[in-house]
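Chemist: Please find work-v7.pdb (PDB, C-alpha atoms) on the next line:
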```pdb
ATOM      1  CA  MET S  11     -28.280 -22.823  18.138
ATOM      2  CA  GLU S  12     -26.913 -20.666  20.972
ATOM      3  CA  TRP S  13     -23.340 -20.080  22.069
ATOM      4  CA  GLN S  14     -24.249 -21.243  25.589
ATOM      5  CA  GLN S  15     -25.357 -24.620  24.224
ATOM      6  CA  LEU S  16     -21.893 -25.169  22.755
ATOM      7  CA  GLU S  17     -20.234 -24.263  26.050
ATOM      8  CA  TYR S  18     -22.498 -26.668  27.948
ATOM      9  CA  PHE S  19     -21.888 -29.442  25.419
ATOM     10  CA  GLN S  20     -18.095 -28.972  25.602
ATOM     11  CA  VAL S  21     -18.080 -29.252  29.421
ATOM     12  CA  LEU S  22     -20.383 -32.282  29.430
ATOM     13  CA  ALA S  23     -18.309 -33.993  26.743
ATOM     14  CA  ARG S  24     -15.214 -33.551  28.917
ATOM     15  CA  ILE S  25     -16.727 -34.593  32.288
ATOM     16  CA  GLN S  26     -19.185 -37.198  30.911
ATOM     17  CA  HIS S  27     -21.423 -36.952  33.971
ATOM     18  CA  MET S  28     -24.607 -34.882  33.903
ATOM     19  CA  THR S  29     -24.711 -33.896  37.604
ATOM     20  CA  LYS S  30     -21.012 -33.070  37.892
ATOM     21  CA  ALA S  31     -21.094 -31.046  34.655
ATOM     22  CA  ALA S  32     -24.120 -29.101  35.915
ATOM     23  CA  GLU S  33     -22.303 -28.337  39.167
ATOM     24  CA  GLN S  34     -19.255 -27.026  37.320
ATOM     25  CA  LEU S  35     -21.464 -24.859  35.111
ATOM     26  CA  SER S  36     -23.423 -23.607  38.168
ATOM     27  CA  ILE S  37     -26.769 -24.613  36.657
ATOM     28  CA  SER S  38     -29.324 -27.263  37.569
ATOM     29  CA  GLN S  39     -29.079 -30.741  36.118
ATOM     30  CA  PRO S  40     -32.523 -30.445  34.418
ATOM     31  CA  ALA S  41     -31.436 -27.150  32.793
ATOM     32  CA  LEU S  42     -28.309 -28.817  31.395
ATOM     33  CA  SER S  43     -30.349 -31.785  30.155
ATOM     34  CA  ARG S  44     -32.810 -29.472  28.372
ATOM     35  CA  SER S  45     -29.978 -27.516  26.737
ATOM     36  CA  ILE S  46     -28.312 -30.669  25.413
ATOM     37  CA  ALA S  47     -31.671 -32.047  24.223
ATOM     38  CA  ARG S  48     -32.348 -28.814  22.259
ATOM     39  CA  LEU S  49     -28.891 -29.015  20.714
ATOM     40  CA  GLU S  50     -29.480 -32.621  19.649
ATOM     41  CA  ASP S  51     -32.865 -31.663  18.203
ATOM     42  CA  GLU S  52     -31.271 -28.905  16.135
ATOM     43  CA  LEU S  53     -28.532 -31.226  14.874
ATOM     44  CA  GLY S  54     -31.009 -34.029  14.243
ATOM     45  CA  VAL S  55     -28.838 -36.691  15.894
ATOM     46  CA  PRO S  56     -28.069 -37.822  19.464
ATOM     47  CA  LEU S  57     -24.604 -36.846  20.735
ATOM     48  CA  PHE S  58     -24.324 -39.105  23.772
ATOM     49  CA  GLU S  59     -24.937 -42.667  24.823
ATOM     50  CA  ARG S  60     -26.638 -42.432  28.220
ATOM     51  CA  GLN S  61     -25.750 -44.865  30.983
ATOM     52  CA  GLY S  62     -27.675 -43.640  34.041
ATOM     53  CA  ARG S  63     -26.189 -40.304  35.064
ATOM     54  CA  SER S  64     -22.957 -41.114  33.292
ATOM     55  CA  ILE S  65     -22.888 -40.489  29.573
ATOM     56  CA  ILE S  66     -20.317 -40.974  26.811
ATOM     57  CA  LEU S  67     -19.985 -39.387  23.397
ATOM     58  CA  ASN S  68     -21.304 -41.464  20.509
ATOM     59  CA  ARG S  69     -19.815 -41.287  17.000
ATOM     60  CA  TYR S  70     -21.837 -38.153  16.170
ATOM     61  CA  GLY S  71     -20.699 -36.531  19.396
ATOM     62  CA  GLU S  72     -17.052 -37.413  18.675
ATOM     63  CA  ILE S  73     -17.304 -35.647  15.306
ATOM     64  CA  PHE S  74     -19.132 -32.613  16.673
ATOM     65  CA  VAL S  75     -16.924 -32.086  19.742
ATOM     66  CA  LYS S  76     -13.843 -31.640  17.527
ATOM     67  CA  ARG S  77     -15.613 -28.814  15.672
ATOM     68  CA  VAL S  78     -16.780 -27.228  18.905
ATOM     69  CA  HIS S  79     -13.202 -27.282  20.254
ATOM     70  CA  ASN S  80     -12.086 -25.474  17.090
ATOM     71  CA  ILE S  81     -14.883 -22.919  17.420
ATOM     72  CA  MET S  82     -14.016 -22.241  21.069
ATOM     73  CA  ARG S  83     -10.314 -21.969  20.313
ATOM     74  CA  GLU S  84     -10.930 -19.523  17.463
ATOM     75  CA  TYR S  85     -13.189 -17.499  19.735
ATOM     76  CA  GLN S  86     -10.558 -17.332  22.472
ATOM     77  CA  ASP S  87      -7.825 -16.454  19.981
ATOM     78  CA  GLY S  88     -10.010 -13.716  18.506
ATOM     79  CA  LEU S  89     -10.833 -12.374  21.952
ATOM     80  CA  HIS S  90      -7.135 -12.344  22.859
ATOM     81  CA  GLU S  91      -6.212 -10.512  19.650
ATOM     82  CA  ILE S  92      -8.890  -7.880  20.192
ATOM     83  CA  GLN S  93      -7.818  -7.361  23.809
ATOM     84  CA  GLU S  94      -4.247  -6.837  22.646
ATOM     85  CA  ILE S  95      -5.382  -4.338  20.030
ATOM     86  CA  VAL S  96      -7.488  -2.253  22.406
ATOM     87  CA  ASP S  97      -4.837  -2.301  25.147
ATOM     88  CA  PRO S  98      -3.136   1.114  24.828
ATOM     89  CA  ASN S  99       0.202  -0.373  25.855
ATOM     90  CA  HIS S 100       0.052  -3.249  23.369
ATOM     91  CA  GLY S 101      -1.819  -3.651  20.104
ATOM     92  CA  GLU S 102      -0.953  -3.082  16.495
ATOM     93  CA  VAL S 103      -0.975  -0.073  14.167
ATOM     94  CA  SER S 104      -1.518  -0.522  10.424
ATOM     95  CA  LEU S 105       0.359   2.307   8.705
ATOM     96  CA  GLY S 106       0.663   3.158   5.024
ATOM     97  CA  PHE S 107       3.222   5.586   3.621
ATOM     98  CA  LEU S 108       4.778   6.856   0.405
ATOM     99  CA  HIS S 109       7.877   5.144  -0.987
ATOM    100  CA  THR S 110       9.918   8.329  -0.526
ATOM    101  CA  LEU S 111       9.181   8.349   3.210
ATOM    102  CA  GLY S 112      10.604   4.883   3.763
ATOM    103  CA  THR S 113      14.276   5.869   3.837
ATOM    104  CA  ASN S 114      14.199   8.053   6.948
ATOM    105  CA  VAL S 115      10.892   9.705   7.918
ATOM    106  CA  VAL S 116       8.863   6.593   8.810
ATOM    107  CA  PRO S 117      11.761   4.647  10.376
ATOM    108  CA  ASP S 118      12.613   7.678  12.548
ATOM    109  CA  LEU S 119       8.967   8.134  13.573
ATOM    110  CA  ILE S 120       8.572   4.520  14.648
ATOM    111  CA  MET S 121      11.948   4.472  16.399
ATOM    112  CA  GLN S 122      11.069   7.538  18.476
ATOM    113  CA  PHE S 123       7.560   6.280  19.257
ATOM    114  CA  ARG S 124       8.733   2.859  20.383
ATOM    115  CA  LYS S 125      11.145   4.341  22.899
ATOM    116  CA  GLN S 126       8.095   4.807  25.126
ATOM    117  CA  HIS S 127       5.756   2.184  23.632
ATOM    118  CA  HIS S 128       7.838  -0.991  23.349
ATOM    119  CA  ASP S 129       4.911  -3.396  23.015
ATOM    120  CA  ILE S 130       3.043  -1.663  20.201
ATOM    121  CA  HIS S 131       3.725  -3.300  16.859
ATOM    122  CA  PHE S 132       3.297  -2.072  13.286
ATOM    123  CA  THR S 133       1.973  -3.478  10.041
ATOM    124  CA  LEU S 134       3.534  -1.370   7.301
ATOM    125  CA  LYS S 135       2.451  -0.916   3.692
ATOM    126  CA  GLN S 136       4.476   1.228   1.319
ATOM    127  CA  ASN S 137       2.500   2.527  -1.635
ATOM    128  CA  HIS S 138       1.415   5.512  -3.709
ATOM    129  CA  THR S 139      -1.277   7.902  -2.484
ATOM    130  CA  HIS S 140      -4.345   6.761  -4.436
ATOM    131  CA  LEU S 141      -3.854   3.075  -3.565
ATOM    132  CA  GLN S 142      -3.359   3.951   0.108
ATOM    133  CA  LEU S 143      -6.653   5.839   0.073
ATOM    134  CA  LYS S 144      -8.419   2.726  -1.232
ATOM    135  CA  GLN S 145      -6.820   0.624   1.508
ATOM    136  CA  LEU S 146      -7.860   3.209   4.082
ATOM    137  CA  GLN S 147     -11.461   3.082   2.880
ATOM    138  CA  SER S 148     -11.491  -0.723   2.936
ATOM    139  CA  GLY S 149     -10.121  -0.845   6.485
ATOM    140  CA  GLU S 150      -6.782  -2.432   5.538
ATOM    141  CA  LEU S 151      -4.968   0.620   6.936
ATOM    142  CA  ASP S 152      -5.533   2.674  10.087
ATOM    143  CA  LEU S 153      -3.416   5.685   9.129
ATOM    144  CA  CYS S 154      -1.640   6.917   5.988
ATOM    145  CA  LEU S 155       1.178   9.368   5.360
ATOM    146  CA  ILE S 156       0.371  10.689   1.898
ATOM    147  CA  ALA S 157       0.673  13.708  -0.355
ATOM    148  CA  GLU S 158      -2.107  16.280  -0.467
ATOM    149  CA  MET S 159      -4.864  15.141  -2.784
ATOM    150  CA  GLU S 160      -8.578  15.677  -3.182
ATOM    151  CA  THR S 161     -10.431  13.297  -0.876
ATOM    152  CA  GLU S 162     -14.058  12.605  -0.069
ATOM    153  CA  LYS S 163     -15.740  11.750   3.209
ATOM    154  CA  PRO S 164     -15.181   9.761   5.340
ATOM    155  CA  ILE S 165     -11.462  10.300   4.616
ATOM    156  CA  GLN S 166      -9.913  13.012   6.772
ATOM    157  CA  TRP S 167      -6.503  14.543   6.022
ATOM    158  CA  THR S 168      -4.340  16.994   7.941
ATOM    159  CA  GLU S 169      -1.102  18.657   6.808
ATOM    160  CA  LEU S 170       2.125  17.677   8.574
ATOM    161  CA  TRP S 171       4.961  19.270   6.582
ATOM    162  CA  ARG S 172       5.989  20.746   3.234
ATOM    163  CA  GLU S 173       8.998  20.020   1.075
ATOM    164  CA  GLU S 174      10.390  21.910  -1.904
ATOM    165  CA  LEU S 175      10.260  20.401  -5.367
ATOM    166  CA  PHE S 176      13.400  20.768  -7.489
ATOM    167  CA  ALA S 177      14.171  20.484 -11.158
ATOM    168  CA  ILE S 178      16.555  17.539 -11.495
ATOM    169  CA  VAL S 179      18.868  17.017 -14.449
ATOM    170  CA  PRO S 180      21.851  14.762 -15.237
ATOM    171  CA  ILE S 181      25.073  16.122 -13.709
ATOM    172  CA  TRP S 182      26.513  16.821 -17.182
ATOM    173  CA  HIS S 183      23.407  18.669 -18.434
ATOM    174  CA  PRO S 184      23.934  22.338 -19.533
ATOM    175  CA  LEU S 185      21.528  23.506 -16.799
ATOM    176  CA  ALA S 186      23.303  21.517 -14.052
ATOM    177  CA  THR S 187      25.533  24.450 -13.079
ATOM    178  CA  HIS S 188      22.577  26.831 -12.613
ATOM    179  CA  ARG S 189      21.506  27.658  -9.061
ATOM    180  CA  THR S 190      17.994  28.613 -10.201
ATOM    181  CA  ILE S 191      15.976  28.266 -13.387
ATOM    182  CA  THR S 192      12.458  29.037 -14.568
ATOM    183  CA  MET S 193       9.883  26.508 -15.671
ATOM    184  CA  LYS S 194      10.071  27.886 -19.222
ATOM    185  CA  GLU S 195      13.737  26.883 -19.403
ATOM    186  CA  LEU S 196      12.543  23.291 -19.134
ATOM    187  CA  ALA S 197       9.906  23.595 -21.858
ATOM    188  CA  ASN S 198      11.993  21.925 -24.570
ATOM    189  CA  GLU S 199      13.329  19.115 -22.390
ATOM    190  CA  SER S 200      12.184  15.488 -22.383
ATOM    191  CA  PHE S 201      10.584  14.576 -19.061
ATOM    192  CA  ILE S 202      10.606  11.483 -16.882
ATOM    193  CA  LEU S 203       7.483  11.561 -14.678
ATOM    194  CA  LEU S 204       5.382   9.406 -12.416
ATOM    195  CA  LYS S 205       2.329   7.829 -14.013
ATOM    196  CA  LYS S 206      -0.960   9.688 -14.234
ATOM    197  CA  GLY S 207      -3.087   9.510 -11.105
ATOM    198  CA  TYR S 208      -0.193   9.694  -8.668
ATOM    199  CA  ALA S 209      -0.469  12.705  -6.339
ATOM    200  CA  LEU S 210       2.859  14.197  -7.453
ATOM    201  CA  ARG S 211       1.928  13.745 -11.109
ATOM    202  CA  VAL S 212      -1.435  15.457 -10.560
ATOM    203  CA  GLN S 213       0.419  18.373  -8.972
ATOM    204  CA  LEU S 214       2.998  18.596 -11.766
ATOM    205  CA  ASP S 215       0.342  18.493 -14.493
ATOM    206  CA  GLY S 216      -1.164  21.566 -12.855
ATOM    207  CA  LEU S 217       2.219  23.279 -12.761
ATOM    208  CA  PHE S 218       2.874  22.598 -16.438
ATOM    209  CA  LYS S 219      -0.501  24.142 -17.200
ATOM    210  CA  LYS S 220       0.439  27.253 -15.202
ATOM    211  CA  ALA S 221       3.729  27.454 -17.100
ATOM    212  CA  HIS S 222       1.798  27.245 -20.401
ATOM    213  CA  PHE S 223       3.500  24.228 -21.934
ATOM    214  CA  ALA S 224       2.789  20.533 -22.339
ATOM    215  CA  PRO S 225       5.843  18.447 -21.437
ATOM    216  CA  LYS S 226       7.327  15.948 -23.858
ATOM    217  CA  ILE S 227       7.272  12.745 -21.794
ATOM    218  CA  THR S 228       9.865  10.060 -22.463
ATOM    219  CA  PHE S 229       8.900   7.659 -19.671
ATOM    220  CA  GLU S 230       6.349   7.332 -16.853
ATOM    221  CA  GLY S 231       7.353   5.353 -13.770
ATOM    222  CA  ASP S 232       5.774   3.974 -10.599
ATOM    223  CA  GLU S 233       8.390   5.183  -8.106
ATOM    224  CA  VAL S 234      10.450   8.305  -7.480
ATOM    225  CA  ALA S 235      13.609   6.167  -7.360
ATOM    226  CA  THR S 236      12.902   4.896 -10.880
ATOM    227  CA  VAL S 237      12.329   8.413 -12.197
ATOM    228  CA  ALA S 238      15.587   9.585 -10.595
ATOM    229  CA  GLY S 239      17.445   6.622 -12.088
ATOM    230  CA  PHE S 240      16.246   7.426 -15.609
ATOM    231  CA  VAL S 241      17.251  11.063 -15.159
ATOM    232  CA  ALA S 242      20.706  10.024 -13.933
ATOM    233  CA  ALA S 243      21.063   7.898 -17.079
ATOM    234  CA  GLY S 244      20.455  10.979 -19.233
ATOM    235  CA  LEU S 245      17.048   9.944 -20.536
ATOM    236  CA  GLY S 246      15.304  13.149 -19.492
ATOM    237  CA  VAL S 247      14.726  15.653 -16.681
ATOM    238  CA  SER S 248      12.128  15.750 -13.937
ATOM    239  CA  ILE S 249      10.759  17.621 -10.940
ATOM    240  CA  LEU S 250      11.056  15.827  -7.608
ATOM    241  CA  PRO S 251      11.357  16.414  -3.869
ATOM    242  CA  ASP S 252      14.832  16.128  -2.367
ATOM    243  CA  GLY S 253      15.725  12.692  -1.052
ATOM    244  CA  GLU S 254      18.243   9.891  -0.976
ATOM    245  CA  GLU S 255      17.119   8.853  -4.462
ATOM    246  CA  LEU S 256      18.879  11.949  -5.856
ATOM    247  CA  ASN S 257      22.514  10.855  -6.134
ATOM    248  CA  PRO S 258      24.560  14.116  -6.169
ATOM    249  CA  LYS S 259      27.308  12.394  -8.159
ATOM    250  CA  ARG S 260      24.897  11.776 -11.038
ATOM    251  CA  ILE S 261      22.063  14.301 -10.582
ATOM    252  CA  ALA S 262      21.922  18.058 -10.087
ATOM    253  CA  LYS S 263      18.964  19.601  -8.283
ATOM    254  CA  ILE S 264      17.999  23.153  -9.165
ATOM    255  CA  HIS S 265      15.617  25.636  -7.509
ATOM    256  CA  ILE S 266      12.736  26.771  -9.719
ATOM    257  CA  SER S 267      12.345  30.519  -9.249
ATOM    258  CA  ASP S 268       9.171  31.553 -11.033
ATOM    259  CA  LEU S 269       6.707  29.184  -9.303
ATOM    260  CA  LYS S 270       6.376  28.110  -5.688
ATOM    261  CA  LEU S 271       6.903  24.374  -5.931
ATOM    262  CA  GLU S 272       6.124  22.391  -2.779
ATOM    263  CA  ARG S 273       4.820  18.940  -2.030
ATOM    264  CA  VAL S 274       2.530  18.857   1.010
ATOM    265  CA  ILE S 275       2.597  15.680   3.097
ATOM    266  CA  GLY S 276      -0.078  14.872   5.639
ATOM    267  CA  MET S 277      -1.787  12.143   7.604
ATOM    268  CA  ALA S 278      -5.088  10.578   6.552
ATOM    269  CA  TRP S 279      -7.576   8.372   8.380
ATOM    270  CA  SER S 280     -11.189   7.299   7.965
ATOM    271  CA  GLU S 281     -13.563   9.340  10.116
ATOM    272  CA  GLY S 282     -16.002   7.239  12.107
ATOM    273  CA  ARG S 283     -13.983   4.021  11.846
ATOM    274  CA  PHE S 284     -12.770   2.519  15.116
ATOM    275  CA  LEU S 285      -9.153   3.335  15.944
ATOM    276  CA  SER S 286      -7.565   1.264  18.671
ATOM    277  CA  PRO S 287      -5.994   3.054  21.658
ATOM    278  CA  ALA S 288      -2.557   2.115  20.271
ATOM    279  CA  THR S 289      -3.414   3.716  16.919
ATOM    280  CA  LYS S 290      -4.774   6.847  18.607
ATOM    281  CA  GLN S 291      -1.570   7.158  20.606
ATOM    282  CA  PHE S 292       0.533   6.936  17.446
ATOM    283  CA  GLN S 293      -1.758   9.374  15.625
ATOM    284  CA  GLN S 294      -1.309  11.956  18.383
ATOM    285  CA  PHE S 295       2.432  11.257  18.492
ATOM    286  CA  ILE S 296       2.699  12.077  14.772
ATOM    287  CA  LEU S 297       0.767  15.336  15.202
ATOM    288  CA  ASP S 298       2.956  16.393  18.143
ATOM    289  CA  TYR S 299       6.166  15.295  16.386
ATOM    290  CA  PHE S 300       5.641  17.510  13.366
ATOM    291  CA  LYS S 301       4.167  20.352  15.383
ATOM    292  CA  ASP S 302       7.377  20.473  17.425
ATOM    293  CA  SER S 303       9.480  20.130  14.290
TER     294      SER S 303
END
```
Can I see the file as structure tokens?
Modeler:
Amino acid sequence: MEWQQLEYFQVLARIQHMTKAAEQLSISQPALSRSIARLEDELGVPLFERQGRSIILNRYGEIFVKRVHNIMREYQDGLHEIQEIVDPNHGEVSLGFLHTLGTNVVPDLIMQFRKQHHDIHFTLKQNHTHLQLKQLQSGELDLCLIAEMETEKPIQWTELWREELFAIVPIWHPLATHRTITMKELANESFILLKKGYALRVQLDGLFKKAHFAPKITFEGDEVATVAGFVAAGLGVSILPDGEELNPKRIAKIHISDLKLERVIGMAWSEGRFLSPATKQFQQFILDYFKDS
């Protein structure tokens, strides 16, 4: 069965006259007749009752024409969606980002971008790094803003900015008044950390190894906000980037002097996968935005 046969059938079903339908389709009447006959052969049933050159749909034709209308409508809708996506002034960008970037970084990025690109829309997914990488590989996401992590082809990653990691303790903790501390001063503390596998946790496990101690872990959470909340409640200490999750009335943040503690944030995409013009524009906007910053 060919797409053209469905188009011919749909026109003939609407006009119900072989010659007039052929004229509208700009083909000969015998060519239209042959196309419809092949379609009926493939279906194994007649679709029309013929009355000279005028024809009407029979009960099989009435059933089939409804399906063909649905097929044509889905095709047109799909074509329209694709045209919107590939139009550089319209389209949609599927963006993933870390939870900690949702309070200001991502909203500011999109706000600035949409000042010049009003008709580009976003599908946003907020998640941890390793899940975003899976969604990037599956095609659910176009771009990701994630922490530095080992990746394999076809995933590409480029650094955008760095942010210091601080020791955080409850405001009443004995270390809370210190401007700087060393990692060893935290060795006997109970820690609240993200779960294993998260990019920040992978980085911190490496730092604990460099500091030559294994942390005593009280709780492992899924989000930075949860970790900060447990620290504020006095259930342990942690190491986190600065952010709105760190309530200065309940948490003290302290520089760590003996190790260079930074979290590196970058943009990832899947090399070789099609990126719409809208997505490419946003990708370049991000690169320029942080280059200028």
Chemist: Tell me, in Å to one decimal, how far atom CA of Gln147 of chain S is from atom CA of Gln166 of chain S.
Modeler: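 Straight-line distance from atom CA of Gln147 of chain S to atom CA of Gln166 of chain S works out to 10.8 Å.
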Chemist: Taking the file as shown, what set of residues would the PyMOL selection byres ((chain S and resi 72) around 12) give back, as a ChimeraX atom specification?
Modeler: /S:19-20,23-24,56-59,66-71,73-79
Chemist: Would you output that residue set with C-alpha atoms, as a PDB file, in the frame of the given file?
Modeler:
```
ATOM      1  CA  PHE S  19     -21.888 -29.442  25.419  1.00  0.00           C
ATOM      2  CA  GLN S  20     -18.095 -28.972  25.602  1.00  0.00           C
ATOM      3  CA  ALA S  23     -18.309 -33.993  26.743  1.00  0.00           C
ATOM      4  CA  ARG S  24     -15.214 -33.551  28.917  1.00  0.00           C
ATOM      5  CA  PRO S  56     -28.069 -37.822  19.464  1.00  0.00           C
ATOM      6  CA  LEU S  57     -24.604 -36.846  20.735  1.00  0.00           C
ATOM      7  CA  PHE S  58     -24.324 -39.105  23.772  1.00  0.00           C
ATOM      8  CA  GLU S  59     -24.937 -42.667  24.823  1.00  0.00           C
ATOM      9  CA  ILE S  66     -20.317 -40.974  26.811  1.00  0.00           C
ATOM     10  CA  LEU S  67     -19.985 -39.387  23.397  1.00  0.00           C
ATOM     11  CA  ASN S  68     -21.304 -41.464  20.509  1.00  0.00           C
ATOM     12  CA  ARG S  69     -19.815 -41.287  17.000  1.00  0.00           C
ATOM     13  CA  TYR S  70     -21.837 -38.153  16.170  1.00  0.00           C
ATOM     14  CA  GLY S  71     -20.699 -36.531  19.396  1.00  0.00           C
ATOM     15  CA  ILE S  73     -17.304 -35.647  15.306  1.00  0.00           C
ATOM     16  CA  PHE S  74     -19.132 -32.613  16.673  1.00  0.00           C
ATOM     17  CA  VAL S  75     -16.924 -32.086  19.742  1.00  0.00           C
ATOM     18  CA  LYS S  76     -13.843 -31.640  17.527  1.00  0.00           C
ATOM     19  CA  ARG S  77     -15.613 -28.814  15.672  1.00  0.00           C
ATOM     20  CA  VAL S  78     -16.780 -27.228  18.905  1.00  0.00           C
ATOM     21  CA  HIS S  79     -13.202 -27.282  20.254  1.00  0.00           C
TER      22      HIS S  79
END
```
Chemist: With the PyMOL selection byres ((chain S and resi 282-294) around 9) as the selection, what would be picked from this file? Answer as a ChimeraX atom specification, please.
Modeler: /S:95-104,120,123,127,130-131,149,152-153,164,277,279-281,295-299
Chemist: Considering all atoms listed in the file, state which residue in the set S:Thr187, S:Val241, S:Ile181, S:Arg172 is at the smallest distance from Glu199 of chain S.
Modeler: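 Residue with the minimum atom-to-atom distance to Glu199 of chain S: S:Val241.
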Chemist: Between S:Ala224, S:Ala177, S:Ile37, S:Leu271, which one has atoms that come closest to Ala197 of chain S, using all atoms listed in the file?
Modeler: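 So, comparing all the options, the nearest one is S:Ala224.
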Chemist: Please report the interatomic distance between atom CA of Thr168 of chain S and atom CA of Ile264 of chain S in Å with one decimal.
Modeler: 28.8 Å
Chemist: Tell me, as a ChimeraX atom specification, which residues lie within 9 Å of Val234 of chain S, counting all atoms listed in the file; anything in the same chain fewer than 4 positions away does not count.
Modeler: /S:109-110,203-204,238-239,250-251,255
Chemist: For this structure, which residues satisfy the selection - the PyMOL selection byres ((chain S and resi 112) around 12) - when it is evaluated on the file as given? I want them as a list of chain:residue names.
Modeler: S:Leu105, S:Gly106, S:Phe107, S:Leu108, S:His109, S:Thr110, S:Leu111, S:Thr113, S:Asn114, S:Val115, S:Val116, S:Pro117, S:Asp118, S:Leu119, S:Ile120, S:Leu134, S:Lys135, S:Gln136, S:Asn137, S:His138, S:Leu155, S:Ile156, S:Val234, S:Ala235, S:Gly253, S:Glu254, S:Glu255
Chemist: With all atoms of segment 224-232 of chain S from the file as input, state the centre and edge lengths in Å to one decimal of the axis-aligned box that has 4 Å extra on each side, as JSON.
Modeler:
```
{"center_x": 6.3, "center_y": 12.3, "center_z": -17.2, "size_x": 15.1, "size_y": 24.6, "size_z": 21.3}
```
Chemist: One decimal, in Å: what's the spacing between atom CA of Thr139 of chain S and atom CA of Val247 of chain S?
Modeler: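 According to the coordinates, atom CA of Thr139 of chain S and atom CA of Val247 of chain S are separated by 22.8 Å.
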Chemist: Write out as a short mmCIF file (atom, residue, chain, number, x, y, z; two decimals) with C-alpha atoms, in the coordinates of the input the residues lying within 12 Å of Gln14 of chain S, counting only C-alpha atoms and excluding same-chain residues fewer than 2 positions away.
Modeler:
```cif
data_model
loop_
_atom_site.label_atom_id
_atom_site.label_comp_id
_atom_site.auth_asym_id
_atom_site.auth_seq_id
_atom_site.Cartn_x
_atom_site.Cartn_y
_atom_site.Cartn_z
CA MET S 11 -28.28 -22.82 18.14
CA GLU S 12 -26.91 -20.67 20.97
CA LEU S 16 -21.89 -25.17 22.76
CA GLU S 17 -20.23 -24.26 26.05
CA TYR S 18 -22.50 -26.67 27.95
CA PHE S 19 -21.89 -29.44 25.42
CA GLN S 20 -18.10 -28.97 25.60
CA VAL S 21 -18.08 -29.25 29.42
CA LEU S 35 -21.46 -24.86 35.11
CA ILE S 37 -26.77 -24.61 36.66
CA ALA S 41 -31.44 -27.15 32.79
CA LEU S 42 -28.31 -28.82 31.40
CA SER S 45 -29.98 -27.52 26.74
CA ILE S 46 -28.31 -30.67 25.41
CA ARG S 48 -32.35 -28.81 22.26
CA LEU S 49 -28.89 -29.02 20.71
CA VAL S 78 -16.78 -27.23 18.90
CA MET S 82 -14.02 -22.24 21.07
#
```
Chemist: Determine the nearest neighbour of Ala278 of chain S from the options S:Lys220, S:Lys263, S:Arg83, S:Lys144, counting only C-alpha atoms.
Modeler: S:Lys144
Chemist: Could you pull the residues within 12 Å of Ser200 of chain S, counting all atoms listed in the file, minus those fewer than 2 positions along the same chain, as an MDAnalysis selection string?
Modeler: chainID S and resid 178:179 195:198 202:203 224:230 240:241 244:249
Chemist: Please dump the current selection as a short mmCIF file (atom, residue, chain, number, x, y, z; two decimals), in the coordinates of the input; keep C-alpha atoms.
Modeler:
```cif
data_model
loop_
_atom_site.label_atom_id
_atom_site.label_comp_id
_atom_site.auth_asym_id
_atom_site.auth_seq_id
_atom_site.Cartn_x
_atom_site.Cartn_y
_atom_site.Cartn_z
CA ILE S 178 16.56 17.54 -11.50
CA VAL S 179 18.87 17.02 -14.45
CA GLU S 195 13.74 26.88 -19.40
CA LEU S 196 12.54 23.29 -19.13
CA ALA S 197 9.91 23.60 -21.86
CA ASN S 198 11.99 21.92 -24.57
CA ILE S 202 10.61 11.48 -16.88
CA LEU S 203 7.48 11.56 -14.68
CA ALA S 224 2.79 20.53 -22.34
CA PRO S 225 5.84 18.45 -21.44
CA LYS S 226 7.33 15.95 -23.86
CA ILE S 227 7.27 12.74 -21.79
CA THR S 228 9.86 10.06 -22.46
CA PHE S 229 8.90 7.66 -19.67
CA GLU S 230 6.35 7.33 -16.85
CA PHE S 240 16.25 7.43 -15.61
CA VAL S 241 17.25 11.06 -15.16
CA GLY S 244 20.45 10.98 -19.23
CA LEU S 245 17.05 9.94 -20.54
CA GLY S 246 15.30 13.15 -19.49
CA VAL S 247 14.73 15.65 -16.68
CA SER S 248 12.13 15.75 -13.94
CA ILE S 249 10.76 17.62 -10.94
#
```
Chemist: Counting all atoms listed in the file, what is within 6 Å of Glu272 of chain S, bar same-chain residues fewer than 2 positions away, as a ChimeraX atom specification?
Modeler: /S:173-175
Chemist: Taking into account all atoms listed in the file, which residue in the set S:Leu141, S:Ile92, S:Ala47, S:Ala31 is nearest to Ser64 of chain S?
Modeler: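 Going through S:Leu141, S:Ile92, S:Ala47, S:Ala31 one by one, the smallest distance to Ser64 of chain S is for S:Ala31.
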Chemist: Which of these, S:Lys205, S:Gly276, S:Thr29, S:Ile81, has the shortest distance to Met159 of chain S once you count all atoms listed in the file?
Modeler: S:Gly276
